[in-house]
Structures are given as C-alpha cells and as structure tokens.
$ cat model_2.cif   # mmCIF, C-alpha atoms
data_run
loop_
_atom_site.group_PDB
_atom_site.id
_atom_site.type_symbol
_atom_site.label_atom_id
_atom_site.label_comp_id
_atom_site.auth_asym_id
_atom_site.auth_seq_id
_atom_site.Cartn_x
_atom_site.Cartn_y
_atom_site.Cartn_z
ATOM 1 C CA MET A 1 -24.549 2.766 -3.344
ATOM 2 C CA ASN A 2 -24.064 6.130 -1.724
ATOM 3 C CA TRP A 3 -26.031 8.775 -3.651
ATOM 4 C CA ILE A 4 -23.500 11.511 -2.928
ATOM 5 C CA HIS A 5 -21.090 9.877 -5.379
ATOM 6 C CA ASN A 6 -23.478 10.353 -8.293
ATOM 7 C CA PHE A 7 -23.599 14.083 -8.824
ATOM 8 C CA VAL A 8 -21.069 16.855 -9.236
ATOM 9 C CA ALA A 9 -20.992 19.577 -6.606
ATOM 10 C CA ILE A 10 -19.363 22.879 -7.485
ATOM 11 C CA PHE A 11 -17.546 24.818 -4.806
ATOM 12 C CA ILE A 12 -15.672 28.080 -5.034
ATOM 13 C CA ILE A 13 -12.444 28.073 -3.038
ATOM 14 C CA ILE A 14 -10.933 31.439 -2.299
ATOM 15 C CA SER A 15 -7.434 31.602 -0.858
ATOM 16 C CA SER A 16 -5.564 34.592 0.431
ATOM 17 C CA THR A 17 -1.838 34.037 -0.030
ATOM 18 C CA ALA A 18 -0.951 36.592 2.632
ATOM 19 C CA SER A 19 -2.781 34.825 5.435
ATOM 20 C CA LEU A 20 -3.283 31.385 3.836
ATOM 21 C CA ALA A 21 -6.876 31.606 5.014
ATOM 22 C CA GLN A 22 -9.446 29.845 2.858
ATOM 23 C CA SER A 23 -13.164 30.080 2.535
ATOM 24 C CA ILE A 24 -15.244 27.492 0.738
ATOM 25 C CA SER A 25 -18.714 28.245 -0.557
ATOM 26 C CA TYR A 26 -21.234 25.833 -2.079
ATOM 27 C CA VAL A 27 -22.324 27.114 -5.484
ATOM 28 C CA ASP A 28 -24.345 24.463 -7.309
ATOM 29 C CA SER A 29 -24.617 20.795 -8.242
ATOM 30 C CA PHE A 30 -25.840 18.837 -11.241
ATOM 31 C CA GLY A 31 -26.425 15.244 -12.282
ATOM 32 C CA SER A 32 -27.995 12.203 -10.660
ATOM 33 C CA LEU A 33 -27.485 8.434 -10.557
ATOM 34 C CA GLY A 34 -27.900 6.735 -13.922
ATOM 35 C CA ASN A 35 -26.449 6.132 -17.355
ATOM 36 C CA LEU A 36 -28.376 8.698 -19.399
ATOM 37 C CA ALA A 37 -26.919 11.964 -20.674
ATOM 38 C CA GLY A 38 -25.964 14.149 -17.713
ATOM 39 C CA GLN A 39 -26.250 11.308 -15.191
ATOM 40 C CA PHE A 40 -23.343 9.627 -13.397
ATOM 41 C CA ASP A 41 -22.295 6.340 -11.894
ATOM 42 C CA SER A 42 -19.254 7.192 -9.761
ATOM 43 C CA PRO A 43 -17.895 10.438 -11.203
ATOM 44 C CA ARG A 44 -14.167 10.578 -10.485
ATOM 45 C CA GLY A 45 -11.854 12.981 -12.289
ATOM 46 C CA ILE A 46 -13.059 16.485 -13.054
ATOM 47 C CA ASP A 47 -11.443 19.505 -14.673
ATOM 48 C CA VAL A 48 -12.534 22.835 -16.113
ATOM 49 C CA SER A 49 -11.289 24.240 -19.417
ATOM 50 C CA VAL A 50 -10.254 27.831 -20.019
ATOM 51 C CA SER A 51 -13.584 28.346 -21.811
ATOM 52 C CA GLY A 52 -15.442 27.165 -18.681
ATOM 53 C CA ASP A 53 -16.548 23.747 -19.928
ATOM 54 C CA ILE A 54 -16.596 21.087 -17.201
ATOM 55 C CA TYR A 55 -15.294 17.607 -18.079
ATOM 56 C CA VAL A 56 -16.147 14.654 -15.817
ATOM 57 C CA ALA A 57 -14.715 11.111 -15.824
ATOM 58 C CA ASP A 58 -17.847 8.995 -15.303
ATOM 59 C CA ALA A 59 -16.075 5.825 -14.096
ATOM 60 C CA TYR A 60 -18.705 3.079 -14.027
ATOM 61 C CA ASN A 61 -20.410 4.353 -17.182
ATOM 62 C CA SER A 62 -16.979 4.204 -18.894
ATOM 63 C CA ARG A 63 -17.259 7.634 -20.455
ATOM 64 C CA ILE A 64 -16.236 11.282 -20.294
ATOM 65 C CA GLN A 65 -19.027 13.839 -20.120
ATOM 66 C CA ARG A 66 -18.860 17.527 -21.043
ATOM 67 C CA PHE A 67 -20.981 20.304 -19.505
ATOM 68 C CA ASP A 68 -21.060 24.066 -19.818
ATOM 69 C CA ALA A 69 -20.169 26.267 -16.836
ATOM 70 C CA THR A 70 -23.733 26.062 -15.503
ATOM 71 C CA GLY A 71 -23.931 22.263 -15.689
ATOM 72 C CA VAL A 72 -25.880 21.971 -18.951
ATOM 73 C CA TYR A 73 -24.956 18.750 -20.766
ATOM 74 C CA LYS A 74 -22.972 19.328 -23.996
ATOM 75 C CA GLY A 75 -21.977 15.789 -24.987
ATOM 76 C CA SER A 76 -20.015 12.716 -24.025
ATOM 77 C CA LEU A 77 -17.553 10.166 -25.288
ATOM 78 C CA THR A 78 -18.269 6.478 -24.802
ATOM 79 C CA ALA A 79 -15.924 4.094 -26.588
ATOM 80 C CA SER A 80 -15.016 0.426 -26.342
ATOM 81 C CA TYR A 81 -11.427 1.312 -25.398
ATOM 82 C CA LEU A 82 -12.556 3.259 -22.301
ATOM 83 C CA SER A 83 -12.978 0.560 -19.665
ATOM 84 C CA GLN A 84 -13.285 2.597 -16.462
ATOM 85 C CA VAL A 85 -12.307 6.248 -16.732
ATOM 86 C CA GLU A 86 -10.770 7.376 -13.435
ATOM 87 C CA GLY A 87 -8.674 10.489 -13.929
ATOM 88 C CA LEU A 88 -9.014 13.505 -16.152
ATOM 89 C CA ALA A 89 -6.866 16.610 -16.713
ATOM 90 C CA ILE A 90 -6.706 19.436 -19.224
ATOM 91 C CA THR A 91 -3.345 20.353 -20.753
ATOM 92 C CA PRO A 92 -2.111 23.943 -21.265
ATOM 93 C CA SER A 93 -2.989 23.536 -24.979
ATOM 94 C CA GLY A 94 -6.584 22.589 -24.076
ATOM 95 C CA THR A 95 -6.564 18.867 -24.843
ATOM 96 C CA ILE A 96 -8.030 16.401 -22.338
ATOM 97 C CA LEU A 97 -6.040 13.495 -20.882
ATOM 98 C CA SER A 98 -7.682 10.489 -19.212
ATOM 99 C CA THR A 99 -6.519 7.547 -17.110
ATOM 100 C CA GLY A 100 -8.292 4.327 -16.284
ATOM 101 C CA PHE A 101 -8.268 0.613 -15.680
ATOM 102 C CA ILE A 102 -5.693 -1.363 -17.721
ATOM 103 C CA GLU A 103 -5.407 1.295 -20.411
ATOM 104 C CA PRO A 104 -2.888 3.846 -21.666
ATOM 105 C CA ILE A 105 -3.287 7.589 -21.290
ATOM 106 C CA TYR A 106 -5.748 8.860 -23.891
ATOM 107 C CA GLU A 107 -5.691 12.373 -25.328
ATOM 108 C CA PHE A 108 -8.873 14.013 -26.663
ATOM 109 C CA SER A 109 -9.800 17.302 -28.294
ATOM 110 C CA PRO A 110 -12.093 19.690 -26.371
ATOM 111 C CA ALA A 111 -14.969 18.240 -28.461
ATOM 112 C CA LEU A 112 -13.974 14.744 -27.143
ATOM 113 C CA THR A 113 -12.494 13.396 -30.359
ATOM 114 C CA ARG A 114 -9.643 10.964 -29.716
ATOM 115 C CA ILE A 115 -6.289 12.402 -30.783
ATOM 116 C CA SER A 116 -3.785 9.852 -29.491
ATOM 117 C CA SER A 117 -2.767 7.494 -26.722
ATOM 118 C CA PHE A 118 0.556 6.908 -25.036
ATOM 119 C CA GLY A 119 2.113 4.786 -22.334
ATOM 120 C CA SER A 120 2.294 1.030 -22.129
ATOM 121 C CA VAL A 121 0.677 -0.807 -19.238
ATOM 122 C CA GLY A 122 2.999 -2.609 -16.805
ATOM 123 C CA PRO A 123 5.129 -2.255 -13.670
ATOM 124 C CA GLY A 124 8.344 -0.952 -15.285
ATOM 125 C CA PHE A 125 9.841 2.553 -15.207
ATOM 126 C CA ASN A 126 8.662 3.291 -18.751
ATOM 127 C CA GLU A 127 5.196 1.896 -18.079
ATOM 128 C CA ILE A 128 2.052 3.000 -16.320
ATOM 129 C CA GLY A 129 0.430 0.643 -13.855
ATOM 130 C CA PHE A 130 -2.582 -1.553 -14.336
ATOM 131 C CA PHE A 131 -4.847 0.866 -12.487
ATOM 132 C CA THR A 132 -3.971 4.528 -12.889
ATOM 133 C CA LYS A 133 -6.299 6.894 -11.131
ATOM 134 C CA GLY A 134 -5.487 10.584 -10.779
ATOM 135 C CA ILE A 135 -3.751 12.690 -13.401
ATOM 136 C CA ALA A 136 -2.607 16.314 -13.319
ATOM 137 C CA VAL A 137 -0.836 18.559 -15.782
ATOM 138 C CA ALA A 138 1.540 21.298 -14.614
ATOM 139 C CA PRO A 139 1.612 24.702 -16.358
ATOM 140 C CA SER A 140 4.880 23.536 -17.974
ATOM 141 C CA GLY A 141 2.958 20.654 -19.580
ATOM 142 C CA ASP A 142 4.583 17.956 -17.416
ATOM 143 C CA ILE A 143 2.126 15.146 -16.652
ATOM 144 C CA TYR A 144 1.827 13.466 -13.239
ATOM 145 C CA ILE A 145 -0.030 10.158 -12.881
ATOM 146 C CA ALA A 146 -1.155 8.459 -9.662
ATOM 147 C CA ASP A 147 -0.270 4.840 -10.408
ATOM 148 C CA SER A 148 -2.343 3.202 -7.688
ATOM 149 C CA ASN A 149 -1.429 -0.372 -8.492
ATOM 150 C CA GLY A 150 2.284 0.476 -8.635
ATOM 151 C CA SER A 151 2.129 2.663 -5.482
ATOM 152 C CA ARG A 152 4.039 5.420 -7.246
ATOM 153 C CA ILE A 153 3.673 8.702 -9.084
ATOM 154 C CA GLN A 154 4.866 8.676 -12.700
ATOM 155 C CA LYS A 155 6.093 11.916 -14.259
ATOM 156 C CA LEU A 156 6.009 12.372 -18.036
ATOM 157 C CA ASP A 157 7.023 15.321 -20.175
ATOM 158 C CA SER A 158 4.458 17.154 -22.295
ATOM 159 C CA SER A 159 5.069 14.699 -25.157
ATOM 160 C CA GLY A 160 4.250 11.686 -22.989
ATOM 161 C CA ASN A 161 7.832 10.509 -22.472
ATOM 162 C CA TYR A 162 8.648 9.102 -19.023
ATOM 163 C CA THR A 163 11.054 11.242 -17.022
ATOM 164 C CA GLN A 164 10.730 10.161 -13.395
ATOM 165 C CA THR A 165 9.188 7.667 -10.978
ATOM 166 C CA ILE A 166 8.389 9.136 -7.584
ATOM 167 C CA GLY A 167 8.034 6.809 -4.606
ATOM 168 C CA SER A 168 7.247 3.135 -4.252
ATOM 169 C CA ARG A 169 5.151 0.921 -1.961
ATOM 170 C CA GLY A 170 5.681 1.539 1.750
ATOM 171 C CA SER A 171 4.592 3.548 4.768
ATOM 172 C CA GLU A 172 7.677 5.689 5.392
ATOM 173 C CA ASP A 173 8.257 9.215 4.088
ATOM 174 C CA GLY A 174 8.605 9.170 0.307
ATOM 175 C CA TYR A 175 6.607 5.951 -0.075
ATOM 176 C CA PHE A 176 2.993 5.373 -1.076
ATOM 177 C CA ALA A 177 0.216 2.878 -0.505
ATOM 178 C CA ASP A 178 -2.087 2.990 -3.544
ATOM 179 C CA PRO A 179 -2.069 6.744 -4.334
ATOM 180 C CA TYR A 180 -5.471 7.828 -5.599
ATOM 181 C CA ASP A 181 -4.943 11.312 -6.969
ATOM 182 C CA VAL A 182 -2.311 13.910 -7.708
ATOM 183 C CA ALA A 183 -2.344 17.706 -8.148
ATOM 184 C CA THR A 184 0.101 20.347 -9.313
ATOM 185 C CA ASP A 185 0.752 23.892 -8.201
ATOM 186 C CA THR A 186 -0.110 26.701 -10.610
#

$ encode --input "model_2.cif" --output "structure tokens"
Amino acid sequence: MNWIHNFVAIFIIISSTASLAQSISYVDSFGSLGNLAGQFDSPRGIDVSVSGDIYVADAYNSRIQRFDATGVYKGSLTASYLSQVEGLAITPSGTILSTGFIEPIYEFSPALTRISSFGSVGPGFNEIGFFTKGIAVAPSGDIYIADSNGSRIQKLDSSGNYTQTIGSRGSEDGYFADPYDVATDT
C-alpha cells in the first residue's frame, strides 16, 4: 500500500481572479497508516467547517474523523451502517453529509451524531448508485453526488429530493466513465 494515501496534507491555494494565476503552498500534514485515533487507511473525502474543524472520510476504517485546524484529533464516528465512507461535504447549515459503498447519504451534526439518511440505493433516477464516491454542496444547499457505479452525477435539493441526473456512461462530451468526485463553485 502506498504510504502517501494514509495521511492528510494541507495546502493553501491562492487564486487571483484578475489573472487566474494560482500559487500552491505546502502547509502541514497529519496522520499515519493505521486504525487508531488520528490514523488513516485510505482517507478520501475531506472538508473544513466554518469553525475550522477538518472532517475526513477514512474509507477502509469505515469512519469519519474530526480534527481541529491544526490537525489535533477531536473524535470520530464508527458505526455498523458505515461500510466504506468515500465522500464527505459540509452543508451551509454546518451538517456533514457522507457517501459510501451500498449506502444512502447520511447526515451528521458537527459533533458526528447521526441526524438522518436519505436516498435509496439503485440505478433509477430517484436512486443513488451502489458506489457513490464524491459529494459536494453548493452555497444554495443543492447536493451533487458522483455516482461512480451509475456513471452519472445526481443532483438533489437541500432537502435530499432528486432534481436532476447529469450524464450517463460513455466517452463523448456529456458522458462519464465512473466519476470519482464532484465540486461546486462558491
């Protein structure tokens, strides 16, 4: 296993909208390979709350871990219903959404208490695929999910209701082959 996949590196990306020039600077890293508090086995989704807490989807440990802005461990959520956490995003209201392997979208409080779940697993329009990976939440609250197995992006409103399927399997413009992640513009 490649060791680089078992820690979180923090970079600061600065973009100038006038020139579209970017500079990327390495800031810090934390974590190591393992299943103890603060360790990772394939960290995938990551997001930062307004308060500065860092949430990490620790895929092969089937958990979500929480750190402060400096990388100090603050807690985690491990539950039988989390099979392989892949994606993670924070909503405008501060709740955390997660995606994973053969599971619905779960919603958690900032303290990682489960609030709800939504979405049924399957290939249909009103369903999420069997292996959802990336998830992003727009400032409007709309939710975008990279449905890797379905080779599509699913769009949901802020209440978790399906509104649109974007793309399908293929190699032409507007088609996907196992999308891994998704992002929104701020």

$ closest_residue --input "model_2.cif" --among "A:Asn61, A:Ala177, A:Gly119, A:Thr132" --to "Thr78 of chain A" --atoms "all atoms listed in the file"
A:Asn61

$ atom_distance --input "model_2.cif" --atom1 "atom CA of Ala59 of chain A" --atom2 "atom CA of Ser140 of chain A"
27.7 Å

$ atom_distance --input "model_2.cif" --atom1 "atom CA of Thr163 of chain A" --atom2 "atom CA of Ser62 of chain A"
29.0 Å

$ closest_residue --input "model_2.cif" --among "A:Ile145, A:Ala37, A:Ile166, A:Ile24" --to "Asp181 of chain A" --atoms "all atoms listed in the file"
A:Ile145

$ closest_residue --input "model_2.cif" --among "A:Ser158, A:Tyr180, A:Arg44, A:Gly134" --to "Glu107 of chain A" --atoms "only C-alpha atoms"
A:Ser158

$ residues_around --input "model_2.cif" --residues "Gly45 of chain A" --least-positions-apart "4" --cutoff "8 Å" --atoms "only C-alpha atoms" --output "list in words"
Val56, Ala57, Asp58, Glu86, Gly87, Leu88, Ala89 and Gly134 of chain A

$ write_last_selection --input "model_2.cif" --atoms "C-alpha atoms" --output "PDB file, in the frame of the given file"
ATOM      1  CA  VAL A  56     -16.147  14.654 -15.817  1.00  0.00           C
ATOM      2  CA  ALA A  57     -14.715  11.111 -15.824  1.00  0.00           C
ATOM      3  CA  ASP A  58     -17.847   8.995 -15.303  1.00  0.00           C
ATOM      4  CA  GLU A  86     -10.770   7.376 -13.435  1.00  0.00           C
ATOM      5  CA  GLY A  87      -8.674  10.489 -13.929  1.00  0.00           C
ATOM      6  CA  LEU A  88      -9.014  13.505 -16.152  1.00  0.00           C
ATOM      7  CA  ALA A  89      -6.866  16.610 -16.713  1.00  0.00           C
ATOM      8  CA  GLY A 134      -5.487  10.584 -10.779  1.00  0.00           C
TER       9      GLY A 134
END

$ resolve_selection --input "model_2.cif" --expression "the PyMOL selection byres ((chain A and resi 136) around 10)" --output "PDB file with C-alpha atoms, keeping the file's coordinate frame"
ATOM      1  CA  GLY A  45     -11.854  12.981 -12.289  1.00  0.00           C
ATOM      2  CA  ASP A  47     -11.443  19.505 -14.673  1.00  0.00           C
ATOM      3  CA  GLY A  87      -8.674  10.489 -13.929  1.00  0.00           C
ATOM      4  CA  LEU A  88      -9.014  13.505 -16.152  1.00  0.00           C
ATOM      5  CA  ALA A  89      -6.866  16.610 -16.713  1.00  0.00           C
ATOM      6  CA  ILE A  90      -6.706  19.436 -19.224  1.00  0.00           C
ATOM      7  CA  THR A  91      -3.345  20.353 -20.753  1.00  0.00           C
ATOM      8  CA  LEU A  97      -6.040  13.495 -20.882  1.00  0.00           C
ATOM      9  CA  SER A  98      -7.682  10.489 -19.212  1.00  0.00           C
ATOM     10  CA  GLY A 134      -5.487  10.584 -10.779  1.00  0.00           C
ATOM     11  CA  ILE A 135      -3.751  12.690 -13.401  1.00  0.00           C
ATOM     12  CA  VAL A 137      -0.836  18.559 -15.782  1.00  0.00           C
ATOM     13  CA  ALA A 138       1.540  21.298 -14.614  1.00  0.00           C
ATOM     14  CA  PRO A 139       1.612  24.702 -16.358  1.00  0.00           C
ATOM     15  CA  GLY A 141       2.958  20.654 -19.580  1.00  0.00           C
ATOM     16  CA  ASP A 142       4.583  17.956 -17.416  1.00  0.00           C
ATOM     17  CA  ILE A 143       2.126  15.146 -16.652  1.00  0.00           C
ATOM     18  CA  TYR A 144       1.827  13.466 -13.239  1.00  0.00           C
ATOM     19  CA  ILE A 145      -0.030  10.158 -12.881  1.00  0.00           C
ATOM     20  CA  ALA A 146      -1.155   8.459  -9.662  1.00  0.00           C
ATOM     21  CA  LYS A 155       6.093  11.916 -14.259  1.00  0.00           C
ATOM     22  CA  ASP A 181      -4.943  11.312  -6.969  1.00  0.00           C
ATOM     23  CA  VAL A 182      -2.311  13.910  -7.708  1.00  0.00           C
ATOM     24  CA  ALA A 183      -2.344  17.706  -8.148  1.00  0.00           C
ATOM     25  CA  THR A 184       0.101  20.347  -9.313  1.00  0.00           C
ATOM     26  CA  ASP A 185       0.752  23.892  -8.201  1.00  0.00           C
TER      27      ASP A 185
END

$ atom_distance --input "model_2.cif" --atom1 "atom CA of Val85 of chain A" --atom2 "atom CA of Gly100 of chain A"
4.5 Å

$ residues_around --input "model_2.cif" --residues "Gln65 of chain A" --least-positions-apart "6" --cutoff "10 Å" --atoms "only C-alpha atoms" --output "VMD selection string"
chain A and resid 37 to 40 43 46 54 to 58 73 to 78 112

$ resolve_selection --input "model_2.cif" --expression "the PyMOL selection byres ((chain A and resi 117) around 8)" --output "MDAnalysis selection string"
chainID A and resid 104:107 115:116 118:119

$ build_atoms --input "model_2.cif" --residues "segment 47-83 of chain A" --atoms "N, CA and C atoms" --output "PDB file, keeping the file's coordinate frame"
ATOM      1  N   ASP A  47     -12.280  18.347 -14.390  1.00  0.00           N
ATOM      2  CA  ASP A  47     -11.443  19.505 -14.673  1.00  0.00           C
ATOM      3  C   ASP A  47     -12.274  20.512 -15.458  1.00  0.00           C
ATOM      4  N   VAL A  48     -11.820  21.749 -15.447  1.00  0.00           N
ATOM      5  CA  VAL A  48     -12.534  22.835 -16.113  1.00  0.00           C
ATOM      6  C   VAL A  48     -11.601  23.466 -17.129  1.00  0.00           C
ATOM      7  N   SER A  49     -12.097  23.643 -18.351  1.00  0.00           N
ATOM      8  CA  SER A  49     -11.289  24.240 -19.417  1.00  0.00           C
ATOM      9  C   SER A  49     -11.242  25.754 -19.269  1.00  0.00           C
ATOM     10  N   VAL A  50     -10.360  26.375 -20.016  1.00  0.00           N
ATOM     11  CA  VAL A  50     -10.254  27.831 -20.019  1.00  0.00           C
ATOM     12  C   VAL A  50     -11.569  28.470 -20.437  1.00  0.00           C
ATOM     13  N   SER A  51     -12.300  27.811 -21.342  1.00  0.00           N
ATOM     14  CA  SER A  51     -13.584  28.346 -21.811  1.00  0.00           C
ATOM     15  C   SER A  51     -14.709  28.140 -20.795  1.00  0.00           C
ATOM     16  N   GLY A  52     -14.437  27.387 -19.722  1.00  0.00           N
ATOM     17  CA  GLY A  52     -15.442  27.165 -18.681  1.00  0.00           C
ATOM     18  C   GLY A  52     -16.170  25.841 -18.786  1.00  0.00           C
ATOM     19  N   ASP A  53     -15.902  25.058 -19.827  1.00  0.00           N
ATOM     20  CA  ASP A  53     -16.548  23.747 -19.928  1.00  0.00           C
ATOM     21  C   ASP A  53     -16.028  22.833 -18.822  1.00  0.00           C
ATOM     22  N   ILE A  54     -16.915  22.017 -18.279  1.00  0.00           N
ATOM     23  CA  ILE A  54     -16.596  21.087 -17.201  1.00  0.00           C
ATOM     24  C   ILE A  54     -16.564  19.679 -17.791  1.00  0.00           C
ATOM     25  N   TYR A  55     -15.453  18.973 -17.590  1.00  0.00           N
ATOM     26  CA  TYR A  55     -15.294  17.607 -18.079  1.00  0.00           C
ATOM     27  C   TYR A  55     -15.271  16.680 -16.869  1.00  0.00           C
ATOM     28  N   VAL A  56     -16.033  15.579 -16.937  1.00  0.00           N
ATOM     29  CA  VAL A  56     -16.147  14.654 -15.817  1.00  0.00           C
ATOM     30  C   VAL A  56     -15.868  13.227 -16.288  1.00  0.00           C
ATOM     31  N   ALA A  57     -14.969  12.533 -15.579  1.00  0.00           N
ATOM     32  CA  ALA A  57     -14.715  11.111 -15.824  1.00  0.00           C
ATOM     33  C   ALA A  57     -15.808  10.340 -15.092  1.00  0.00           C
ATOM     34  N   ASP A  58     -16.707   9.741 -15.841  1.00  0.00           N
ATOM     35  CA  ASP A  58     -17.847   8.995 -15.303  1.00  0.00           C
ATOM     36  C   ASP A  58     -17.439   7.518 -15.266  1.00  0.00           C
ATOM     37  N   ALA A  59     -16.799   7.096 -14.167  1.00  0.00           N
ATOM     38  CA  ALA A  59     -16.075   5.825 -14.096  1.00  0.00           C
ATOM     39  C   ALA A  59     -16.894   4.605 -14.483  1.00  0.00           C
ATOM     40  N   TYR A  60     -17.992   4.334 -13.795  1.00  0.00           N
ATOM     41  CA  TYR A  60     -18.705   3.079 -14.027  1.00  0.00           C
ATOM     42  C   TYR A  60     -19.582   3.107 -15.274  1.00  0.00           C
ATOM     43  N   ASN A  61     -19.762   4.279 -15.874  1.00  0.00           N
ATOM     44  CA  ASN A  61     -20.410   4.353 -17.182  1.00  0.00           C
ATOM     45  C   ASN A  61     -19.366   4.351 -18.299  1.00  0.00           C
ATOM     46  N   SER A  62     -18.097   4.279 -17.935  1.00  0.00           N
ATOM     47  CA  SER A  62     -16.979   4.204 -18.894  1.00  0.00           C
ATOM     48  C   SER A  62     -17.070   5.283 -19.962  1.00  0.00           C
ATOM     49  N   ARG A  63     -17.159   6.525 -19.499  1.00  0.00           N
ATOM     50  CA  ARG A  63     -17.259   7.634 -20.455  1.00  0.00           C
ATOM     51  C   ARG A  63     -16.745   8.931 -19.840  1.00  0.00           C
ATOM     52  N   ILE A  64     -16.570   9.920 -20.696  1.00  0.00           N
ATOM     53  CA  ILE A  64     -16.236  11.282 -20.294  1.00  0.00           C
ATOM     54  C   ILE A  64     -17.411  12.145 -20.714  1.00  0.00           C
ATOM     55  N   GLN A  65     -17.912  12.952 -19.799  1.00  0.00           N
ATOM     56  CA  GLN A  65     -19.027  13.839 -20.120  1.00  0.00           C
ATOM     57  C   GLN A  65     -18.554  15.297 -20.086  1.00  0.00           C
ATOM     58  N   ARG A  66     -19.202  16.107 -20.907  1.00  0.00           N
ATOM     59  CA  ARG A  66     -18.860  17.527 -21.043  1.00  0.00           C
ATOM     60  C   ARG A  66     -20.098  18.363 -20.734  1.00  0.00           C
ATOM     61  N   PHE A  67     -19.897  19.408 -19.915  1.00  0.00           N
ATOM     62  CA  PHE A  67     -20.981  20.304 -19.505  1.00  0.00           C
ATOM     63  C   PHE A  67     -20.516  21.744 -19.676  1.00  0.00           C
ATOM     64  N   ASP A  68     -21.463  22.666 -19.814  1.00  0.00           N
ATOM     65  CA  ASP A  68     -21.060  24.066 -19.818  1.00  0.00           C
ATOM     66  C   ASP A  68     -20.859  24.511 -18.367  1.00  0.00           C
ATOM     67  N   ALA A  69     -20.497  25.760 -18.171  1.00  0.00           N
ATOM     68  CA  ALA A  69     -20.169  26.267 -16.836  1.00  0.00           C
ATOM     69  C   ALA A  69     -21.345  26.227 -15.865  1.00  0.00           C
ATOM     70  N   THR A  70     -22.554  26.120 -16.377  1.00  0.00           N
ATOM     71  CA  THR A  70     -23.733  26.062 -15.503  1.00  0.00           C
ATOM     72  C   THR A  70     -24.231  24.638 -15.285  1.00  0.00           C
ATOM     73  N   GLY A  71     -23.548  23.659 -15.876  1.00  0.00           N
ATOM     74  CA  GLY A  71     -23.931  22.263 -15.689  1.00  0.00           C
ATOM     75  C   GLY A  71     -24.851  21.716 -16.763  1.00  0.00           C
ATOM     76  N   VAL A  72     -25.044  22.450 -17.849  1.00  0.00           N
ATOM     77  CA  VAL A  72     -25.880  21.971 -18.951  1.00  0.00           C
ATOM     78  C   VAL A  72     -25.056  20.985 -19.793  1.00  0.00           C
ATOM     79  N   TYR A  73     -25.623  19.821 -20.026  1.00  0.00           N
ATOM     80  CA  TYR A  73     -24.956  18.750 -20.766  1.00  0.00           C
ATOM     81  C   TYR A  73     -24.650  19.186 -22.192  1.00  0.00           C
ATOM     82  N   LYS A  74     -23.400  18.952 -22.646  1.00  0.00           N
ATOM     83  CA  LYS A  74     -22.972  19.328 -23.996  1.00  0.00           C
ATOM     84  C   LYS A  74     -22.523  18.141 -24.839  1.00  0.00           C
ATOM     85  N   GLY A  75     -22.394  16.956 -24.226  1.00  0.00           N
ATOM     86  CA  GLY A  75     -21.977  15.789 -24.987  1.00  0.00           C
ATOM     87  C   GLY A  75     -21.133  14.851 -24.148  1.00  0.00           C
ATOM     88  N   SER A  76     -20.845  13.684 -24.736  1.00  0.00           N
ATOM     89  CA  SER A  76     -20.015  12.716 -24.025  1.00  0.00           C
ATOM     90  C   SER A  76     -19.272  11.848 -25.024  1.00  0.00           C
ATOM     91  N   LEU A  77     -18.303  11.125 -24.503  1.00  0.00           N
ATOM     92  CA  LEU A  77     -17.553  10.166 -25.288  1.00  0.00           C
ATOM     93  C   LEU A  77     -17.656   8.822 -24.578  1.00  0.00           C
ATOM     94  N   THR A  78     -18.237   7.859 -25.265  1.00  0.00           N
ATOM     95  CA  THR A  78     -18.269   6.478 -24.802  1.00  0.00           C
ATOM     96  C   THR A  78     -17.636   5.667 -25.910  1.00  0.00           C
ATOM     97  N   ALA A  79     -16.616   4.887 -25.577  1.00  0.00           N
ATOM     98  CA  ALA A  79     -15.924   4.094 -26.588  1.00  0.00           C
ATOM     99  C   ALA A  79     -15.501   2.763 -25.984  1.00  0.00           C
ATOM    100  N   SER A  80     -15.366   1.759 -26.822  1.00  0.00           N
ATOM    101  CA  SER A  80     -15.016   0.426 -26.342  1.00  0.00           C
ATOM    102  C   SER A  80     -13.658   0.399 -25.652  1.00  0.00           C
ATOM    103  N   TYR A  81     -12.759   1.303 -26.005  1.00  0.00           N
ATOM    104  CA  TYR A  81     -11.427   1.312 -25.398  1.00  0.00           C
ATOM    105  C   TYR A  81     -11.406   2.002 -24.029  1.00  0.00           C
ATOM    106  N   LEU A  82     -12.486   2.650 -23.626  1.00  0.00           N
ATOM    107  CA  LEU A  82     -12.556   3.259 -22.301  1.00  0.00           C
ATOM    108  C   LEU A  82     -13.215   2.266 -21.347  1.00  0.00           C
ATOM    109  N   SER A  83     -12.414   1.607 -20.520  1.00  0.00           N
ATOM    110  CA  SER A  83     -12.978   0.560 -19.665  1.00  0.00           C
ATOM    111  C   SER A  83     -13.516   1.101 -18.348  1.00  0.00           C
TER     112      SER A  83
END
